[in-house]
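Enquirer: First, the structure itself, so that you have it in front of you.
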Amino acid sequence: MRVFLAGATGAVGRRLVPQLVRAGHHVVATTRSEAKVDVLWNLGAEPVVLDALDAAAVGEAVAKAEPDAIVHQLTALTGQSDLKHFDRTFAETNRLRTVGTDNLLAAAQAAGVRRFVAQSFAGWPTGRSPSNRPGEPTTEADPFDPAPPKHQRESLAAIRYLEQAVTTAPLEGVVLRYGLLYGPVASDDWVRLLRKRRLPIVGDGGGVWSMTHVDDAAGAAVAALTAPAGVYNVVDDDPAPVREILIALAAAAGARRPSRVPVWLARPLAGEVGVSMMTRSRGVANAKARRELGWTPQWPTWREGFRHGLGIAGDAR
Ligand SMILES: NC(=O)c1ccc[n+]([C@@H]2O[C@H](COP(=O)([O-])OP(=O)(O)OC[C@H]3O[C@@H](n4cnc5c(N)ncnc54)[C@H](OP(=O)(O)O)[C@@H]3O)[C@@H](O)[C@H]2O)c1
C-alpha cells in the first residue's frame, strides 16, 4: 500500500515509519523541516517538506504521492508542559486537529484516497468520575466529558471535531485514541520533570491513567490500514492510579520518589486541569481494539514498559 504519513518525525511517527516499511508499505512522510529530511530517508521513507496548515500545499503533496491511505499523526507538543493553561498549551495541536484534519481530508477526497487514519486521545476526554472507581474503565461507547474544566474546553472541542470529521467523511475513517504515550521521546518531558522534582503527586493521586507505548501506538496505526472503520481505544491492559505510575516512572528514570502535595496547594500551580487529571480521571478499556483492530500490545503493562522500553534520551540505562 502507498501510505502518506503526516507527522512522521514525532514521537509516534518515528516509530511508525519503520513498522510500515517492514510491513511492505511505501511511505511518503512529512516534516516541515529540511533538516529532518535525512532522518526520514534513513528510516526508509520518501520525505516531503510540508506545512499541514497550508491547504494548497497539502492538496498538491497528497495528489503527487497518490496514496492508498493517509495517516494523520500531527501534534505540536514539543516544549509544552503547562497543564494549568491547557488550551493555550494545546492551541497549535488543536489547529492541527481541526484545520490540519480538514486539509488532509479535502486532499484525500480530491485524490480519491480510500482510507484515513487519525490520532486522537483516550483518557480525560471521556470523562471524570466523581466517585473515581478504578475498576470501571471507559469504552468507546462512553460520551465525552460533558463538563470539562474551563481550560480544557477548546482542546476537547478539537478532539470532538477531528473524530466527527474523520468518521463521517466519505471514505474509510479510523480514529485511534491513544492513552498517555511513553517510550523514546514521548516520556522524555515527564522524566525531566520528575528528575527536577517538578512533577508531584497531587492529593491522593487516585486519578486513573491508561498508558500506551509508542511502539504499540505505531502498531495500531499499521493495523488500522486494513481494519474496519471506526473509533478504537489504543491503550495497554493496565489502567492504574497516577500515584503508582509516577512512582514507577521516577524509579525507572533513576529519580527520587515524587513528593505529594495537597490539592489546595496544587491548584494555583497546576490549575483545575492538573488537579482533575491527578485525582479524577478514569482508565480506558482496550477490548474493542484487541477484538476488531487485530492489534495486541507488545507492552501490555506500563510496569514492564517503564523498566525496559523507555529509551530515555542521553541515558545508558
Ligand atoms: N505524554 C504524552 O502523551 C506525549 C505524547 C507525545 C509527545 N509528548 C511530549 O511532547 C514532545 C514532542 O512530541 P513529538 O516528538 O511527537 O513532537 P510534536 O512537536 O508533537 O510533533 C509531532 C509531529 O507533528 C509534526 N508537525 C507539527 N506541526 C506541524 C505542521 N504545522 N505541519 C506539518 N507537520 C507538523 C511534526 O513535524 P516537524 O516538526 O518535523 O515539522 C512532527 O512530525 C515529546 O518530547 C514528549 O515529551 C508527550
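Within each chain, counting starts at residue 1; across the C-alpha cells, chains are named A, B, ... in the order shown, with ligands numbered 1 upward in that order.
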Restrict the calculation to only C-alpha atoms, then for each residue of range 77-146 of chain A with any atom at most 10 Å from an atom of range 185-201 of chain A give the closest atom pair and their distance in Å to one decimal, rows by chain and rising residue number, as CSV.
Expert:
residue,atom,partner,partner_atom,distance
A:Leu77,CA,A:Ala186,CA,9.7
A:Thr78,CA,A:Asp189,CA,9.0
A:Gly79,CA,A:Asp189,CA,7.9
A:Gln80,CA,A:Asp189,CA,8.7
A:Ser81,CA,A:Asp189,CA,7.7
Enquirer: Next, the residues of the selection above should be written as an mmCIF file, in the first residue's frame with N, CA and C atoms.
Expert:
data_model
loop_
_atom_site.group_PDB
_atom_site.id
_atom_site.type_symbol
_atom_site.label_atom_id
_atom_site.label_comp_id
_atom_site.auth_asym_id
_atom_site.auth_seq_id
_atom_site.Cartn_x
_atom_site.Cartn_y
_atom_site.Cartn_z
ATOM 1 N N LEU A 77 3.508 19.285 20.326
ATOM 2 C CA LEU A 77 3.677 19.142 21.776
ATOM 3 C C LEU A 77 5.080 19.470 22.257
ATOM 4 N N THR A 78 5.995 19.702 21.312
ATOM 5 C CA THR A 78 7.376 19.954 21.713
ATOM 6 C C THR A 78 7.463 21.152 22.656
ATOM 7 N N GLY A 79 8.073 20.923 23.824
ATOM 8 C CA GLY A 79 8.294 22.008 24.784
ATOM 9 C C GLY A 79 7.050 22.459 25.521
ATOM 10 N N GLN A 80 5.957 21.702 25.440
ATOM 11 C CA GLN A 80 4.698 22.132 26.077
ATOM 12 C C GLN A 80 4.415 21.292 27.310
ATOM 13 N N SER A 81 4.414 21.905 28.502
ATOM 14 C CA SER A 81 4.098 21.098 29.684
ATOM 15 C C SER A 81 3.216 21.845 30.687
#
Enquirer: Could you tell me, counting only C-alpha atoms and all ligand atoms, which protein and nucleic acid residues lie no more than 6 Å from ligand 1, written as a list of chain:residue names?
Expert: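 Using only C-alpha atoms and all ligand atoms, everything at most 6 Å from ligand 1 comes to A:Gly7, A:Ala8, A:Thr9, A:Gly10, A:Ala11, A:Thr31, A:Arg32, A:Ser33, A:Leu50, A:Asp51, A:Ala52, A:Leu53, A:Leu74, A:Thr75, A:Ala76, A:Leu77, A:Thr78, A:Leu180, A:Leu181, A:Tyr182, A:Val185, A:Ala186, A:Ser187, A:Asp188, A:Asp189.
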Enquirer: Restricted to N, CA, C and O atoms, what would the selected residues look like written as a compact mmCIF listing (two decimals), in the first residue's frame?
Expert:
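For reference, selection21.txt as written:
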# COMPACT_ATOMS: atom_id res chain seq x y z
N GLY A 7 3.23 13.97 9.78
CA GLY A 7 3.77 13.99 11.14
C GLY A 7 4.67 12.80 11.40
O GLY A 7 4.52 12.08 12.38
N ALA A 8 5.64 12.61 10.49
CA ALA A 8 6.47 11.39 10.55
C ALA A 8 7.65 11.51 11.49
O ALA A 8 8.29 10.51 11.80
N THR A 9 7.95 12.73 11.96
CA THR A 9 9.16 12.91 12.79
C THR A 9 8.84 12.99 14.28
O THR A 9 9.74 13.20 15.09
N GLY A 10 7.57 12.84 14.66
CA GLY A 10 7.19 12.96 16.06
C GLY A 10 7.43 11.67 16.82
O GLY A 10 7.98 10.69 16.29
N ALA A 11 7.00 11.68 18.09
CA ALA A 11 7.24 10.53 18.97
C ALA A 11 6.63 9.25 18.38
O ALA A 11 7.25 8.18 18.44
N THR A 31 7.58 16.33 7.04
CA THR A 31 8.16 17.18 8.07
C THR A 31 8.10 18.61 7.54
O THR A 31 8.05 18.81 6.33
N ARG A 32 8.14 19.59 8.45
CA ARG A 32 8.24 20.97 7.97
C ARG A 32 9.68 21.38 7.76
O ARG A 32 9.95 22.45 7.23
N SER A 33 10.60 20.54 8.17
CA SER A 33 11.99 20.96 8.28
C SER A 33 12.91 20.23 7.30
O SER A 33 13.02 19.00 7.34
N LEU A 50 6.51 19.85 4.29
CA LEU A 50 5.13 20.32 4.19
C LEU A 50 4.64 20.95 5.48
O LEU A 50 4.86 20.42 6.56
N ASP A 51 3.94 22.08 5.34
CA ASP A 51 3.21 22.65 6.48
C ASP A 51 1.76 22.19 6.34
O ASP A 51 1.07 22.58 5.37
N ALA A 52 1.28 21.39 7.28
CA ALA A 52 -0.05 20.81 7.18
C ALA A 52 -1.16 21.85 7.28
O ALA A 52 -2.32 21.57 6.99
N LEU A 53 -0.82 23.08 7.70
CA LEU A 53 -1.84 24.13 7.81
C LEU A 53 -1.99 24.90 6.50
O LEU A 53 -2.82 25.80 6.40
N LEU A 74 -0.23 14.31 13.37
CA LEU A 74 0.25 15.68 13.61
C LEU A 74 -0.13 16.17 15.00
O LEU A 74 -1.31 16.16 15.38
N THR A 75 0.85 16.61 15.76
CA THR A 75 0.62 17.32 17.02
C THR A 75 1.70 18.39 17.13
O THR A 75 2.63 18.41 16.31
N ALA A 76 1.58 19.27 18.10
CA ALA A 76 2.62 20.29 18.33
C ALA A 76 2.90 20.36 19.82
O ALA A 76 2.55 21.32 20.49
N LEU A 77 3.51 19.29 20.33
CA LEU A 77 3.68 19.14 21.78
C LEU A 77 5.08 19.47 22.26
O LEU A 77 5.32 19.53 23.46
N THR A 78 6.00 19.70 21.31
CA THR A 78 7.38 19.95 21.71
C THR A 78 7.46 21.15 22.66
O THR A 78 6.97 22.23 22.34
N LEU A 180 -1.91 7.93 27.45
CA LEU A 180 -0.72 8.76 27.66
C LEU A 180 0.47 8.01 27.07
O LEU A 180 0.75 6.88 27.46
N LEU A 181 1.12 8.64 26.13
CA LEU A 181 2.19 7.95 25.42
C LEU A 181 3.48 7.96 26.24
O LEU A 181 3.79 8.94 26.90
N TYR A 182 4.20 6.84 26.18
CA TYR A 182 5.52 6.79 26.79
C TYR A 182 6.43 5.98 25.89
O TYR A 182 5.99 5.33 24.96
N VAL A 185 11.38 9.42 23.31
CA VAL A 185 10.89 10.78 23.05
C VAL A 185 9.61 11.09 23.82
O VAL A 185 9.53 12.12 24.51
N ALA A 186 8.61 10.19 23.74
CA ALA A 186 7.29 10.53 24.31
C ALA A 186 7.34 10.81 25.81
O ALA A 186 6.62 11.69 26.29
N SER A 187 8.15 10.06 26.56
CA SER A 187 8.15 10.29 28.01
C SER A 187 9.31 11.16 28.47
O SER A 187 9.47 11.38 29.68
N ASP A 188 10.09 11.69 27.55
CA ASP A 188 11.27 12.48 27.95
C ASP A 188 10.90 13.68 28.83
O ASP A 188 11.58 13.97 29.81
N ASP A 189 9.82 14.37 28.48
CA ASP A 189 9.43 15.56 29.27
C ASP A 189 9.03 15.17 30.69
O ASP A 189 9.39 15.84 31.65
Enquirer: Let me make sure I understand: among A:Leu225, A:Ala250, A:Ala169, A:Val27, which one has the smallest atom-to-atom distance to Arg14 in chain A if we use only C-alpha atoms?
Expert: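 Under the stated criterion, the closest residue is A:Val27.
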Enquirer: Taking 2 positions as the minimum chain separation for residues in the same chain, which residues sit within 9 Å of Ile247 in chain A when counting only C-alpha atoms? Answer as a list in words.
Expert: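 Non-adjacent residues within range: Ile201, Val242, Arg243, Glu244, Ile245, Leu249, Ala250, Ala251, Ala252, Arg256, Arg257 and Pro258 of chain A.
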Enquirer: Between CA of Ala270 in chain A and CA of His85 in chain A, what distance in Å does the model show, to one decimal?
Expert: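 Distance reported for this atom pair: 8.4 Å.
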Enquirer: Gly305 in chain A: which residues within 12 Å, counting only C-alpha atoms, same-chain residues fewer than 2 positions away excluded, as a short mmCIF file (atom, residue, chain, number, x, y, z; two decimals) with N, CA and C atoms, in the first residue's frame?
Expert:
data_model
loop_
_atom_site.label_atom_id
_atom_site.label_comp_id
_atom_site.auth_asym_id
_atom_site.auth_seq_id
_atom_site.Cartn_x
_atom_site.Cartn_y
_atom_site.Cartn_z
N LEU A 181 1.12 8.64 26.13
CA LEU A 181 2.19 7.95 25.42
C LEU A 181 3.48 7.96 26.24
N TYR A 182 4.20 6.84 26.18
CA TYR A 182 5.52 6.79 26.79
C TYR A 182 6.43 5.98 25.89
N GLY A 183 7.73 6.05 26.20
CA GLY A 183 8.72 5.39 25.35
C GLY A 183 9.66 6.44 24.80
N PRO A 184 10.55 6.05 23.88
CA PRO A 184 11.52 7.01 23.35
C PRO A 184 10.85 8.30 22.89
N SER A 187 8.15 10.06 26.56
CA SER A 187 8.15 10.29 28.01
C SER A 187 9.31 11.16 28.47
N MET A 211 -2.10 3.98 29.73
CA MET A 211 -0.83 4.29 29.08
C MET A 211 -0.73 3.53 27.74
N THR A 212 0.08 4.08 26.83
CA THR A 212 0.35 3.42 25.55
C THR A 212 1.81 3.60 25.22
N HIS A 213 2.53 2.52 24.97
CA HIS A 213 3.91 2.64 24.49
C HIS A 213 3.88 3.10 23.03
N VAL A 214 4.84 3.95 22.65
CA VAL A 214 4.82 4.49 21.28
C VAL A 214 4.89 3.39 20.22
N ASP A 215 5.54 2.27 20.52
CA ASP A 215 5.58 1.18 19.54
C ASP A 215 4.21 0.55 19.36
N ASP A 216 3.42 0.52 20.44
CA ASP A 216 2.06 0.00 20.33
C ASP A 216 1.13 1.00 19.63
N ASP A 236 -2.85 0.23 26.93
CA ASP A 236 -2.42 -1.08 27.43
C ASP A 236 -3.50 -1.70 28.33
N ASP A 237 -3.18 -2.86 28.93
CA ASP A 237 -4.20 -3.61 29.69
C ASP A 237 -4.26 -3.19 31.15
N ASP A 238 -3.52 -2.15 31.53
CA ASP A 238 -3.26 -1.93 32.94
C ASP A 238 -3.53 -0.48 33.40
N ILE A 245 1.82 5.14 38.87
CA ILE A 245 2.52 5.36 37.59
C ILE A 245 3.71 6.31 37.79
N ALA A 248 6.57 4.65 39.80
CA ALA A 248 7.32 3.67 38.99
C ALA A 248 8.15 4.37 37.91
N LEU A 249 7.61 5.43 37.33
CA LEU A 249 8.37 6.14 36.27
C LEU A 249 9.61 6.80 36.87
N ALA A 252 12.18 4.12 37.46
CA ALA A 252 12.80 3.66 36.20
C ALA A 252 13.77 4.69 35.65
N PRO A 297 -1.12 -5.34 22.24
CA PRO A 297 0.02 -4.55 22.69
C PRO A 297 1.27 -5.41 22.94
N GLN A 298 2.40 -4.92 22.44
CA GLN A 298 3.68 -5.58 22.77
C GLN A 298 4.02 -5.33 24.23
N TRP A 299 3.52 -4.22 24.77
CA TRP A 299 3.76 -3.84 26.16
C TRP A 299 2.40 -3.80 26.85
N PRO A 300 1.88 -4.97 27.30
CA PRO A 300 0.54 -4.99 27.89
C PRO A 300 0.45 -4.24 29.21
N THR A 301 1.59 -4.02 29.86
CA THR A 301 1.56 -3.19 31.07
C THR A 301 2.74 -2.22 31.08
N TRP A 302 2.45 -0.99 31.48
CA TRP A 302 3.48 0.05 31.58
C TRP A 302 4.54 -0.32 32.61
N ARG A 303 4.17 -1.25 33.58
CA ARG A 303 5.14 -1.63 34.62
C ARG A 303 6.36 -2.25 33.97
N ARG A 307 10.31 -0.37 32.73
CA ARG A 307 11.60 -0.99 33.06
C ARG A 307 12.46 -1.20 31.83
N HIS A 308 11.81 -1.55 30.68
CA HIS A 308 12.62 -1.97 29.54
C HIS A 308 12.36 -1.19 28.25
N GLY A 309 11.38 -0.30 28.24
CA GLY A 309 11.03 0.31 26.96
C GLY A 309 11.01 1.83 26.94
N LEU A 310 11.66 2.47 27.92
CA LEU A 310 11.59 3.94 27.96
C LEU A 310 12.51 4.61 26.94
N GLY A 311 13.68 4.03 26.73
CA GLY A 311 14.63 4.61 25.77
C GLY A 311 14.87 6.09 26.03
N ILE A 312 15.18 6.42 27.29
CA ILE A 312 15.33 7.83 27.68
C ILE A 312 16.53 8.44 26.96
#
Enquirer: Excluding Glu163 in chain A and its own-chain neighbours fewer than 4 positions away, which residues fall within 7 Å of it when counting only C-alpha atoms? Please give them as a list in words.
Expert: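 My reading of the contact set: Ile159, Thr167 and Val175 of chain A.
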Enquirer: According to DSSP computed on the backbone, where in range 34-252 of chain A is there helix (DSSP H, G or I)? Give the residues as a PyMOL selection string.
Expert: chain A and resi 34-43+55-65+86-89+91-111+124-126+150-168+188-195+214-223+242-252
Enquirer: Show me, as a VMD selection string, the residues that have an atom within 10 Å of Glu292 in chain A when counting only C-alpha atoms, minus same-chain residues fewer than 3 positions from it.
Expert: chain A and resid 223 to 224 227 to 230 232 287 to 289 295
Enquirer: Once you have the residues from the selection above, write them out as a CSV table (one decimal), in the first residue's frame, restricted to N, CA, C and O atoms.
Expert:
chain,number,residue,atom,x,y,z
A,223,ALA,N,-2.1,-1.6,11.9
A,223,ALA,CA,-3.3,-2.5,11.8
A,223,ALA,C,-4.5,-1.7,11.3
A,223,ALA,O,-5.3,-2.3,10.6
A,224,ALA,N,-4.6,-0.4,11.5
A,224,ALA,CA,-5.7,0.4,11.1
A,224,ALA,C,-5.8,0.6,9.6
A,224,ALA,O,-6.8,1.0,9.1
A,227,ALA,N,-8.2,-2.6,9.0
A,227,ALA,CA,-9.2,-2.9,10.0
A,227,ALA,C,-10.5,-2.2,9.6
A,227,ALA,O,-10.5,-1.3,8.8
A,228,PRO,N,-11.6,-2.7,10.2
A,228,PRO,CA,-12.9,-2.0,10.0
A,228,PRO,C,-12.8,-0.5,10.4
A,228,PRO,O,-12.2,-0.2,11.4
A,229,ALA,N,-13.5,0.4,9.7
A,229,ALA,CA,-13.5,1.8,10.0
A,229,ALA,C,-14.1,1.9,11.4
A,229,ALA,O,-14.9,1.1,11.9
A,230,GLY,N,-13.8,3.0,12.1
A,230,GLY,CA,-14.4,3.3,13.4
A,230,GLY,C,-13.4,3.9,14.4
A,230,GLY,O,-12.3,4.3,14.0
A,232,TYR,N,-11.2,3.5,18.0
A,232,TYR,CA,-10.6,2.4,18.9
A,232,TYR,C,-9.8,3.1,20.0
A,232,TYR,O,-9.0,4.0,19.7
A,287,ALA,N,-10.7,-3.4,24.9
A,287,ALA,CA,-11.2,-4.7,24.4
A,287,ALA,C,-11.6,-4.6,22.9
A,287,ALA,O,-11.3,-5.5,22.1
A,288,LYS,N,-12.1,-3.5,22.5
A,288,LYS,CA,-12.5,-3.3,21.1
A,288,LYS,C,-11.3,-3.4,20.2
A,288,LYS,O,-11.4,-4.1,19.1
A,289,ALA,N,-10.3,-2.7,20.5
A,289,ALA,CA,-9.1,-2.7,19.7
A,289,ALA,C,-8.5,-4.1,19.6
A,289,ALA,O,-8.1,-4.6,18.5
A,295,TRP,N,-5.1,-6.0,16.8
A,295,TRP,CA,-3.9,-5.4,17.4
A,295,TRP,C,-3.7,-6.0,18.8
A,295,TRP,O,-4.7,-6.1,19.5
